[in-house]
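Okay, model32.txt is below, compact mmCIF, C-alpha atoms:
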```
# COMPACT_ATOMS: atom_id res chain seq x y z
CA MET A 1 -17.99 88.28 65.45
CA ASN A 2 -19.48 86.28 68.28
CA GLU A 3 -21.68 84.41 65.81
CA ILE A 4 -18.69 83.58 63.60
CA LYS A 5 -16.93 82.12 66.64
CA ARG A 6 -20.01 80.02 67.47
CA ILE A 7 -20.13 78.67 63.91
CA ARG A 8 -16.40 77.99 64.02
CA ASP A 9 -16.67 76.18 67.37
CA ASP A 10 -19.59 74.09 66.09
CA ASN A 11 -17.28 72.56 63.45
CA SER A 12 -20.18 71.05 61.45
CA ASP A 13 -20.11 70.57 57.68
CA ILE A 14 -22.74 73.25 57.06
CA GLY A 15 -20.92 75.56 59.47
CA LYS A 16 -17.73 75.12 57.44
CA ILE A 17 -19.60 75.94 54.23
CA ILE A 18 -21.07 79.08 55.82
CA LEU A 19 -17.56 80.10 56.93
CA ILE A 20 -16.33 79.62 53.35
CA TYR A 21 -19.05 82.04 52.23
CA ILE A 22 -18.22 84.53 55.00
CA PHE A 23 -14.47 84.55 54.33
CA SER A 24 -14.68 84.55 50.52
CA GLY A 25 -17.58 86.88 49.75
CA LEU A 26 -18.88 84.47 47.12
CA ARG A 27 -22.48 84.65 46.01
CA ALA A 28 -24.45 81.55 46.99
CA ASN A 29 -24.60 80.11 43.48
CA GLU A 30 -20.96 80.92 42.76
CA LEU A 31 -19.74 78.45 45.36
CA LEU A 32 -22.36 75.88 44.34
CA ASN A 33 -21.45 76.12 40.64
CA ILE A 34 -17.67 76.19 40.93
CA ASN A 35 -15.92 73.35 39.13
CA ARG A 36 -13.03 71.64 40.87
CA LYS A 37 -10.74 72.62 37.99
CA ASP A 38 -11.35 76.26 38.98
CA ILE A 39 -10.01 75.76 42.51
CA HIS A 40 -6.30 76.41 42.86
CA ILE A 41 -4.53 75.37 46.07
CA ASP A 42 -0.98 76.44 46.89
CA GLU A 43 -0.06 77.60 43.41
CA THR A 44 3.19 79.46 43.01
CA CYS A 45 2.53 83.06 42.05
CA ASN A 46 4.89 86.00 41.62
CA ASP A 47 2.72 88.47 39.71
CA ASP A 48 3.83 91.27 42.04
CA GLY A 49 7.51 90.31 42.03
CA ILE A 50 7.29 88.31 45.28
CA GLU A 51 6.95 84.54 45.02
CA ARG A 52 4.16 83.15 47.20
CA LYS A 53 2.04 80.03 47.44
CA VAL A 54 -1.53 81.23 46.95
CA SER A 55 -4.93 79.57 46.86
CA TYR A 56 -7.91 80.94 44.96
CA PHE A 57 -11.16 80.24 43.12
CA VAL A 58 -11.86 81.31 39.55
CA THR A 59 -15.58 81.93 39.55
CA GLY A 60 -18.26 84.49 39.00
CA SER A 61 -21.73 85.26 37.83
CA LYS A 62 -24.30 88.00 37.43
CA THR A 63 -22.31 90.85 35.81
CA ASP A 64 -19.39 91.19 33.39
CA THR A 65 -17.25 92.43 36.28
CA GLY A 66 -18.32 89.47 38.39
CA LYS A 67 -17.60 86.74 35.83
CA ASN A 68 -14.31 84.84 35.59
CA ARG A 69 -12.80 86.62 38.56
CA ILE A 70 -10.14 85.58 41.02
CA VAL A 71 -11.39 85.09 44.58
CA PRO A 72 -8.54 84.36 46.97
CA ILE A 73 -9.03 81.61 49.54
CA HIS A 74 -8.40 82.98 53.02
CA ASN A 75 -5.92 80.85 54.99
CA PHE A 76 -8.60 80.22 57.65
CA ILE A 77 -11.01 78.51 55.21
CA LYS A 78 -8.36 76.73 53.14
CA PRO A 79 -8.58 73.51 55.26
CA TYR A 80 -12.38 73.49 54.76
CA VAL A 81 -11.96 73.85 50.99
CA GLU A 82 -9.34 71.07 50.98
CA GLU A 83 -11.70 68.86 53.00
CA LEU A 84 -14.49 69.42 50.47
CA LEU A 85 -12.09 68.64 47.63
CA LEU A 86 -11.65 65.13 49.09
CA CYS A 87 -15.35 64.42 48.46
CA LYS A 88 -16.34 63.02 45.10
CA GLY A 89 -18.33 64.98 42.58
CA LYS A 90 -17.89 67.53 39.85
CA ARG A 91 -18.48 70.50 42.10
CA LEU A 92 -17.07 71.53 45.47
CA VAL A 93 -20.50 71.64 47.15
CA ASP A 94 -22.81 69.15 45.49
CA ARG A 95 -26.13 70.82 46.31
CA THR A 96 -28.68 72.96 44.53
CA TYR A 97 -29.33 76.42 45.88
CA SER A 98 -32.77 75.37 47.17
CA SER A 99 -31.37 72.28 48.87
CA LEU A 100 -28.58 74.22 50.55
CA LYS A 101 -30.87 77.05 51.63
CA TYR A 102 -33.94 75.15 52.83
CA SER A 103 -32.48 71.82 53.98
CA PHE A 104 -29.22 73.02 55.49
CA PHE A 105 -28.67 76.77 55.87
CA GLU A 106 -32.04 77.85 57.29
CA PRO A 107 -32.41 74.92 59.76
CA TYR A 108 -28.81 75.44 60.90
CA ILE A 109 -29.26 79.18 61.44
CA LYS A 110 -32.49 78.51 63.34
CA GLU A 111 -30.81 75.84 65.48
CA MET A 112 -27.99 78.29 66.28
CA LYS A 113 -30.66 80.87 67.25
CA MET A 114 -29.47 83.36 64.64
CA LYS A 115 -31.41 85.39 62.08
CA HIS A 116 -29.63 85.57 58.74
CA THR A 117 -30.13 85.00 55.03
CA MET A 118 -27.64 83.39 52.66
CA HIS A 119 -26.86 86.86 51.28
CA ASP A 120 -25.84 88.05 54.75
CA THR A 121 -22.59 86.11 54.33
CA ARG A 122 -21.56 88.60 51.60
CA VAL A 123 -22.58 91.49 53.84
CA THR A 124 -20.48 90.00 56.65
CA PHE A 125 -17.52 89.56 54.29
CA THR A 126 -17.74 93.18 53.19
CA THR A 127 -18.01 94.34 56.80
CA LEU A 128 -14.97 92.24 57.78
CA CYS A 129 -13.05 93.79 54.89
CA GLN A 130 -13.94 97.27 56.12
CA LEU A 131 -13.04 96.46 59.74
CA ASN A 132 -9.69 94.96 58.72
CA ASN A 133 -8.69 97.68 56.25
CA VAL A 134 -8.80 95.54 53.12
CA ASP A 135 -8.00 97.77 50.15
CA VAL A 136 -11.20 99.00 48.44
CA PHE A 137 -9.96 98.10 44.95
CA CYS A 138 -9.19 94.53 46.06
CA ARG A 139 -12.46 94.24 47.95
CA LYS A 140 -14.45 95.24 44.88
CA ARG A 141 -12.46 92.89 42.63
CA ILE A 142 -13.10 89.99 45.02
CA LEU A 143 -16.83 90.78 45.20
CA GLY A 144 -17.11 91.36 41.45
CA HIS A 145 -18.16 95.00 41.79
CA LYS A 146 -17.17 97.84 39.49
CA MET A 147 -15.11 100.76 40.71
CA LYS A 148 -16.99 103.02 38.24
CA ASP A 149 -13.63 104.38 37.17
CA ILE A 150 -12.32 103.53 33.70
CA THR A 151 -8.72 103.44 34.95
CA PHE A 152 -9.51 100.81 37.58
CA ASP A 153 -12.20 98.89 35.69
CA THR A 154 -10.46 98.75 32.31
CA TYR A 155 -6.78 99.50 32.70
CA THR A 156 -5.84 97.84 35.99
CA ASP A 157 -4.94 94.15 36.06
CA THR A 158 -5.92 91.89 38.92
CA ILE A 159 -2.80 90.93 40.85
CA ILE A 160 -3.48 87.56 42.51
CA ASN A 161 -0.78 88.03 45.16
CA ARG A 162 -2.26 91.38 46.16
CA LEU A 163 -5.78 89.92 46.49
CA TYR A 164 -4.39 87.04 48.56
CA VAL A 165 -2.45 89.35 50.90
CA GLU A 166 -5.41 91.69 51.29
CA ILE A 167 -8.00 88.99 52.08
CA ASN A 168 -5.70 87.53 54.71
CA LYS A 169 -5.78 90.85 56.58
CA ILE A 170 -9.17 89.67 57.85
CA LYS A 171 -8.71 88.22 61.31
CA ALA A 172 -10.31 84.83 61.71
```

Kindly return the structure encoded in the file as structure tokens.
Amino acid sequence: MNEIKRIRDDNSDIGKIILIYIFSGLRANELLNINRKDIHIDETCNDDGIERKVSYFVTGSKTDTGKNRIVPIHNFIKPYVEELLLCKGKRLVDRTYSSLKYSFFEPYIKEMKMKHTMHDTRVTFTTLCQLNNVDVFCRKRILGHKMKDITFDTYTDTIINRLYVEINKIKA
């Protein structure tokens, strides 16, 4: 938590990107490959009977469960996503994985005197979910993990409003 505060206080571009990873749970390549058309900001949604303005990514990779999934944008990182949307380019973060990792992430982490890998942002997200009582079903849907239960994996729809409410339980 102390390290998240240090990154937040730093307010650098790479710090903001790392915070997007931490508060979304996205895999490294998922954020790098997301098209702007798959980023939804302040869309009206009432899929649970309550009308809300929600923001989310449609993204995914690796597994069938992980592909084409809804990843809500936490209110804390929404300004960072909106800032990146002002930049030109097809994608939100116009970098290759190698460029982001070796030219930005690793030097930044070293400069901040931290020891982390890119994947640690997903670990941190999952830990924050656990600490803030984010529903397990929603957490797994956001991460693109299976419940290993046919009722949940096959017969339960993703409710965008529920994902959005659950992710915003995480204190920023």

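Atom pair CA of Arg8 (chain A) / CA of Asn161 (chain A) has a distance of 26.5 Å (rounded to one decimal).
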
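Between CA of Lys169 (chain A) and CA of Ser12 (chain A) the separation is 25.0 Å.
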
Considering all atoms listed in the file, state which residue in the set A:Arg95, A:Arg52, A:Lys171, A:Lys115 is at the smallest distance from Ile14 (chain A).
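Ranked by minimum distance to Ile14 (chain A), first place goes to A:Arg95.
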
Quick one: everything within 7 Å of region 74-79 of chain A, counting all atoms listed in the file, minus sequence neighbours fewer than 4 positions away in the same chain. Send it as JSON, numbers by chain.
{"A": [19, 20, 23, 24, 83, 167, 168, 172]}

Residues just named, written with C-alpha atoms as a PDB file, in the coordinates of the input:
```pdb
ATOM      1  CA  LEU A  19     -17.560  80.100  56.930  1.00  0.00           C
ATOM      2  CA  ILE A  20     -16.330  79.620  53.350  1.00  0.00           C
ATOM      3  CA  PHE A  23     -14.470  84.550  54.330  1.00  0.00           C
ATOM      4  CA  SER A  24     -14.680  84.550  50.520  1.00  0.00           C
ATOM      5  CA  GLU A  83     -11.700  68.860  53.000  1.00  0.00           C
ATOM      6  CA  ILE A 167      -8.000  88.990  52.080  1.00  0.00           C
ATOM      7  CA  ASN A 168      -5.700  87.530  54.710  1.00  0.00           C
ATOM      8  CA  ALA A 172     -10.310  84.830  61.710  1.00  0.00           C
TER       9      ALA A 172
END
```

Which residues of region 16-86 of chain A come within 8 Å of region 121-126 of chain A, and what is each one's closest atom pair and distance in Å (one decimal), counting all atoms listed in the file, sorted by chain and residue number, as CSV?
```
residue,atom,partner,partner_atom,distance
A:Ile18,CA,A:Thr121,CA,7.3
A:Tyr21,CA,A:Thr121,CA,5.8
A:Ile22,CA,A:Thr121,CA,4.7
A:Phe23,CA,A:Phe125,CA,5.9
A:Ser24,CA,A:Phe125,CA,6.9
A:Gly25,CA,A:Arg122,CA,4.7
A:Leu26,CA,A:Arg122,CA,6.7
A:Arg27,CA,A:Arg122,CA,6.9
```

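Considering all atoms listed in the file, the residue among A:Arg6, A:Lys37, A:Arg141, A:Arg69 positioned nearest to Glu111 (chain A) is A:Arg6.
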
In Å, how far is it from CA of Gly15 (chain A) to CA of Cys138 (chain A)?
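These atoms are spaced 26.0 Å apart.
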
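Closest approach to Gly49 (chain A) from the set A:Ile159, A:Val136, A:Ile170, A:Val93 is made by A:Ile159, with distances taken over all atoms listed in the file.
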
Please, what is the axis-aligned box for every listed atom of region 67-71 of chain A with 3 Å on each side, as centre and edge lengths in Å to one decimal, as lines of an AutoDock Vina configuration file?
```
center_x = -13.9
center_y = 85.8
center_z = 40.1
size_x = 13.5
size_y = 7.9
size_z = 15.0
```

In terms of the shortest atom-to-atom distance over only C-alpha atoms, which of A:Met112, A:Ile160, A:Leu128, A:Ile70 is closest to Ile39 (chain A)?
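Smallest distance to Ile39 (chain A) is found for A:Ile70.
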
Can you tell me, as a PyMOL selection string, what residues are no more than 7 Å from His40 (chain A) when counting only C-alpha atoms, ignoring any on the same chain fewer than 6 positions away?
chain A and resi 55-57

Pick from A:Tyr80, A:Met118, A:Thr59, A:Cys129: nearest to Phe104 (chain A), with only C-alpha atoms counted?
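Using only C-alpha atoms, the shortest distance to Phe104 (chain A) belongs to A:Met118.
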